[in-house]
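Below you'll find the structure, written out as structure tokens, and then a few comments.
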Amino acid sequence: MREYCPKGYQETPSESTTSSAVHLRSTGSKKQAFDFSFEAVRENLFRVTFTSPDHPLPPYPNVKKPATNIDNARVSTATKVSHKTIEVGDVKASVDWEHTPVVALSWKDQNKPLHRDLPLRSYVADAAGIANYSEHDRDALHVGLGEKRAPMDLSGRHFLLSATDSFGYDVYNTDPLYKHIPLLIKATAQGCVAIFSTTHGRGSWSVGSEVDGLWGHFKVYRQDYGGLEQYLIVGKTLKDVVRSYAELVDFPLLVPRWAYGYISGGYKYTMVDEPPANEVLMEFADKLKEHDIPCSAHQMSSGYSIAEKEPKVRNVFTWNYHRFPKPEEWVAKYHSRGIRLLTNIKPFLLASHPDFQKLVDAGGFFKDPATKEPGYMRLWSAGGATGGDGCHIDFTSAAAFKWWYDGVQSLKRVGIDGMWNDNNEYTLPNDDWKVALDEPTVAEAVQRQSNDNTVGLWGRAIHTELMGKASHDALLHLEPKNRPFVLTRSATPGTMRYAASTWSGDNVTSWEGMKGSNSLSLNTGISLLQVSSPLI
């Protein structure tokens, strides 16, 4: 910890003409000045930033800033020395910067705030990152943060904002799991407030789990790299807040109609050599018909892509022709039974993959600045607790993005209906690895931030999101009139613009796990908007 709390803020003259916003700059130290802003975006939506030249905004945020739309709202402001109050609709927002900027939100007819920053320690720099401290209401319900360990109420607990391949997790104790969702919602009988950060980088939320004799009870959001961009959403009910959150991050995609049916799966089906997996799967389809069990689709685990010769590891976008001698014919047979197919695809290549050197030469992997070589790491390969050396795909690389796009289309042309984006948590070992940043999808972000191309600032989770986009776009461009179906294990809020569904990885089958998964699923639903869509 290397906290520095800027003080001595003054309004920035060039920005102070906006009645529904506050723009400040710290002047009370010889250290680097920090800029702070607070602005009303909607009647119940507010944006906060806290930045400096060494702490830039997240380069590729998980949402784009929406256009300000408060024209039809009742807006009034009152400015005193080091204090400004903004009333927008039914919400009263105030910013007091006598020491540090302190944001408070309440209803206009109530004095008790729904949200208030911690005075004297509200926005601080911490080495390459930042922290935002706010007052903690011990009587409130706190939910969100994606899939977090049970119970549902997150109050009094600490959570990592990261993602990992949490194989066989304990639903009551394990953290983190598979999602990266920096959304925390406080719910009370008086109203609800969501705090939503836009970074793809790592961090943590301490939801009242820390208490200090000097500072009392507080919550703190810590972000490892860059400056802060966060949205505050106010609502009378949890439903109101989730609705506004959905409007900010985009509503989830409608799944194809067939995805509402029974979708079968099973790891071992594609792992069988004798008899070959294609025959075993046809036998399974015959049993479904024999027992009159309707089945809309089958999830093919990655055994179909295991190399036939040593090293027998998974090579994404390849086929094991012993297990599936004629993939197109086999897929057609499954389709004749009314069963669609999803294939498991993973965003990394072991060194034995036939296209590994091709991607090395094209700059498709992360770069280790210490060795000037691709970022090698230990990767899951052939089974539980087994691994091999290889590299994750850098989806900010135009060559890598196109290679993935082409690979998805190659599976689609065989007849595969949907993609199963798996193992996409991006558990990279080094924040100093470099990303390519020549993929057109990130071009606008590069213009804003061209000085730092490290994994730490851009965030591991950006690749989860871009992987979803590459899979989605490849399917959509081949069948523009059909809803693309991408199933994703890891996710960011932005990933659900491209993936229509998600699940919570490799859980343990137990009564205790089933009980805990109820709260986990509820928090995930709030955070990722996993709501049932109408059959249209």
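Ordering of the structure tokens sets the chain letters (A, B, ...), residue numbers begin anew at 1 in every chain, and ligands are numbered from 1 in the order given.
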
With a distance cut-off of 10 Å and only C-alpha atoms, select the neighbouring residues of Arg202 (chain A), excluding the residue or stretch itself and same-chain residues fewer than 6 positions from it, and output the selection as a list in words.
->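 Counting only the stated atoms, we get Gly129, Leu160, Leu161, Ser162, Ala163, His180, Pro182, Arg222, Gln223, Asp224, Tyr225, Asp431, Gly456, Leu457, Trp458, Gly459, Arg460 and Ala461 of chain A.
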
Residues near region 34-45 of chain A, cut-off 8 Å, only C-alpha atoms, skip fewer than 5 positions along chain, as a compact mmCIF listing (two decimals) with C-alpha atoms, in the first residue's frame:
# COMPACT_ATOMS: atom_id res chain seq x y z
CA PRO A 6 -4.86 14.62 -2.70
CA SER A 20 -25.10 19.72 -13.66
CA ALA A 21 -21.41 18.90 -13.17
CA VAL A 22 -18.47 19.57 -10.89
CA HIS A 23 -14.87 19.63 -12.14
CA LEU A 24 -12.04 19.95 -9.63
CA ARG A 25 -8.25 19.83 -9.51
CA SER A 26 -6.11 19.23 -6.43
CA PHE A 50 -10.57 10.56 -10.54
CA THR A 51 -7.44 10.75 -12.69
CA SER A 52 -3.94 12.11 -13.13
CA PRO A 66 -23.81 7.57 -22.70
CA ALA A 67 -24.96 10.93 -23.99
CA THR A 68 -26.18 13.25 -21.26
CA ASN A 69 -29.97 13.30 -21.22
CA ILE A 70 -31.45 15.40 -18.42
CA ALA A 73 -35.60 16.57 -15.73
CA VAL A 88 -32.03 16.18 -10.87
CA GLY A 89 -35.55 14.81 -10.87
CA ASP A 90 -36.14 13.24 -7.46
CA VAL A 91 -32.44 12.90 -6.61
CA VAL A 95 -20.21 17.42 -3.76
CA PRO A 101 -14.27 15.47 -2.78
CA TYR A 231 -21.21 5.24 -12.37
CA LEU A 232 -23.61 5.72 -9.46
CA ILE A 233 -27.16 4.52 -10.13
CA VAL A 234 -30.04 5.47 -7.82
CA GLY A 235 -33.42 3.75 -7.65
CA SER A 244 -30.86 1.42 -15.41

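Minimum atom-to-atom distance to Pro347 (chain A), evaluated using only C-alpha atoms, belongs to A:Met467 out of A:Ala246, A:Met496, A:Met467, A:Val408.
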
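The smallest atom-to-atom distance between Asp170 (chain A) and any of A:Arg149, A:Lys287, A:His99, A:His158, using only C-alpha atoms, is found for A:Arg149.
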
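For the set A:Glu147, A:Asp212, A:Asp153, A:Asp389, the residue with the smallest atom-to-atom gap to Val171 (chain A) is A:Glu147, counting only C-alpha atoms.
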
Just give me the gap between CA of His463 (chain A) and CA of Ile130 (chain A) in Å, one decimal is fine.
->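 Answer for the CA of His463 (chain A) to CA of Ile130 (chain A) separation: 22.5 Å.
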
Contact table region 106-212 of chain A vs region 499-503 of chain A, cut-off 12 Å, shortest pair per residue, only C-alpha atoms, as a Markdown table:
| residue | atom | partner | partner_atom | distance |
| --- | --- | --- | --- | --- |
| A:Gly146 | CA | A:Trp503 | CA | 11.2 |
| A:Glu147 | CA | A:Trp503 | CA | 9.5 |
| A:Leu177 | CA | A:Trp503 | CA | 11.0 |
| A:Tyr178 | CA | A:Trp503 | CA | 9.0 |
| A:Lys179 | CA | A:Thr502 | CA | 9.7 |

Just the residues within 8 Å of Gly375 (chain A), please, counting only C-alpha atoms, with nothing from its chain fewer than 6 positions along; format it as JSON, numbers by chain.
-> {"A": [365, 366, 367, 368, 391, 392, 433]}

Quick one: residues within 12 Å of Pro119 (chain A), only C-alpha atoms counted, chain neighbours fewer than 3 positions away excluded, as a list in words?
-> Cys5, Lys7, Val95, Asp96, Trp97, Glu98, His99, Thr100, Pro101, Val102, Val103, Ala104, Arg116, Ser122, Tyr123, Val124, Asn132, Tyr133, Ser134, Glu135, Leu214, Trp215, Gly216 and Phe218 of chain A

Produce a file of the selected residues containing C-alpha atoms, as a PDB file, in the first residue's frame.
ATOM      1  CA  CYS A   5      -4.817  11.405  -0.625  1.00  0.00           C
ATOM      2  CA  LYS A   7      -6.412  17.656  -1.007  1.00  0.00           C
ATOM      3  CA  VAL A  95     -20.213  17.421  -3.755  1.00  0.00           C
ATOM      4  CA  ASP A  96     -18.225  18.932  -0.890  1.00  0.00           C
ATOM      5  CA  TRP A  97     -14.511  19.528  -1.557  1.00  0.00           C
ATOM      6  CA  GLU A  98     -13.367  21.423   1.543  1.00  0.00           C
ATOM      7  CA  HIS A  99     -10.792  18.640   2.085  1.00  0.00           C
ATOM      8  CA  THR A 100     -11.324  15.791  -0.370  1.00  0.00           C
ATOM      9  CA  PRO A 101     -14.269  15.472  -2.776  1.00  0.00           C
ATOM     10  CA  VAL A 102     -17.186  13.882  -0.924  1.00  0.00           C
ATOM     11  CA  VAL A 103     -20.171  12.808  -3.021  1.00  0.00           C
ATOM     12  CA  ALA A 104     -23.522  12.285  -1.302  1.00  0.00           C
ATOM     13  CA  ARG A 116     -21.832   9.102   0.898  1.00  0.00           C
ATOM     14  CA  SER A 122     -12.705   9.530  -0.283  1.00  0.00           C
ATOM     15  CA  TYR A 123     -10.474   9.272  -3.386  1.00  0.00           C
ATOM     16  CA  VAL A 124      -6.856   8.243  -3.005  1.00  0.00           C
ATOM     17  CA  ASN A 132     -12.494   4.922  -3.327  1.00  0.00           C
ATOM     18  CA  TYR A 133     -13.694   4.859   0.282  1.00  0.00           C
ATOM     19  CA  SER A 134     -17.378   5.287   1.161  1.00  0.00           C
ATOM     20  CA  GLU A 135     -19.479   4.994   4.290  1.00  0.00           C
ATOM     21  CA  LEU A 214     -10.271   6.385  13.210  1.00  0.00           C
ATOM     22  CA  TRP A 215     -12.358   5.845  10.086  1.00  0.00           C
ATOM     23  CA  GLY A 216     -15.233   3.810  11.476  1.00  0.00           C
ATOM     24  CA  PHE A 218     -16.499   1.892   5.540  1.00  0.00           C
TER      25      PHE A 218
END

Residues at most 12 Å from Asp394 (chain A), counting only C-alpha atoms, excluding those fewer than 3 positions away in the same chain, as a ChimeraX atom specification?
-> /A:347-349,359-360,362-367,374-375,391,397-404,424,426,428,433-439,453-455,458-467,470

Go through region 407-507 of chain A residue by residue and, counting only C-alpha atoms, keep those with an atom at most 9 Å from region 316-330 of chain A; for each kept residue give the shortest atom pair and its distance in Å to one decimal, ordered by chain and increasing number, as a Markdown table.
| residue | atom | partner | partner_atom | distance |
| --- | --- | --- | --- | --- |
| A:Gly407 | CA | A:Phe317 | CA | 5.6 |
| A:Val408 | CA | A:Phe317 | CA | 7.3 |
| A:Ser410 | CA | A:Phe317 | CA | 7.6 |
| A:Leu411 | CA | A:Phe317 | CA | 7.0 |
| A:Arg413 | CA | A:Glu328 | CA | 8.5 |
| A:Val414 | CA | A:Glu328 | CA | 5.1 |
| A:Gly415 | CA | A:Glu328 | CA | 6.5 |
| A:Ile416 | CA | A:Glu328 | CA | 8.9 |

Given only C-alpha atoms, how would the per-residue table for region 352-444 of chain A near region 336-346 of chain A read, listing every residue at most 8 Å away with its closest atom pair and distance in Å to one decimal, sorted by chain and number, as a Markdown table?
| residue | atom | partner | partner_atom | distance |
| --- | --- | --- | --- | --- |
| A:Ile416 | CA | A:Leu341 | CA | 5.4 |
| A:Asp417 | CA | A:Leu341 | CA | 5.4 |
| A:Gly418 | CA | A:Leu342 | CA | 4.6 |
| A:Met419 | CA | A:Leu342 | CA | 5.3 |
| A:Trp420 | CA | A:Asn344 | CA | 4.6 |
| A:Asn421 | CA | A:Ile345 | CA | 5.4 |
| A:Asp422 | CA | A:Lys346 | CA | 5.3 |
| A:Asn423 | CA | A:Lys346 | CA | 5.7 |
| A:Asn424 | CA | A:Lys346 | CA | 6.7 |
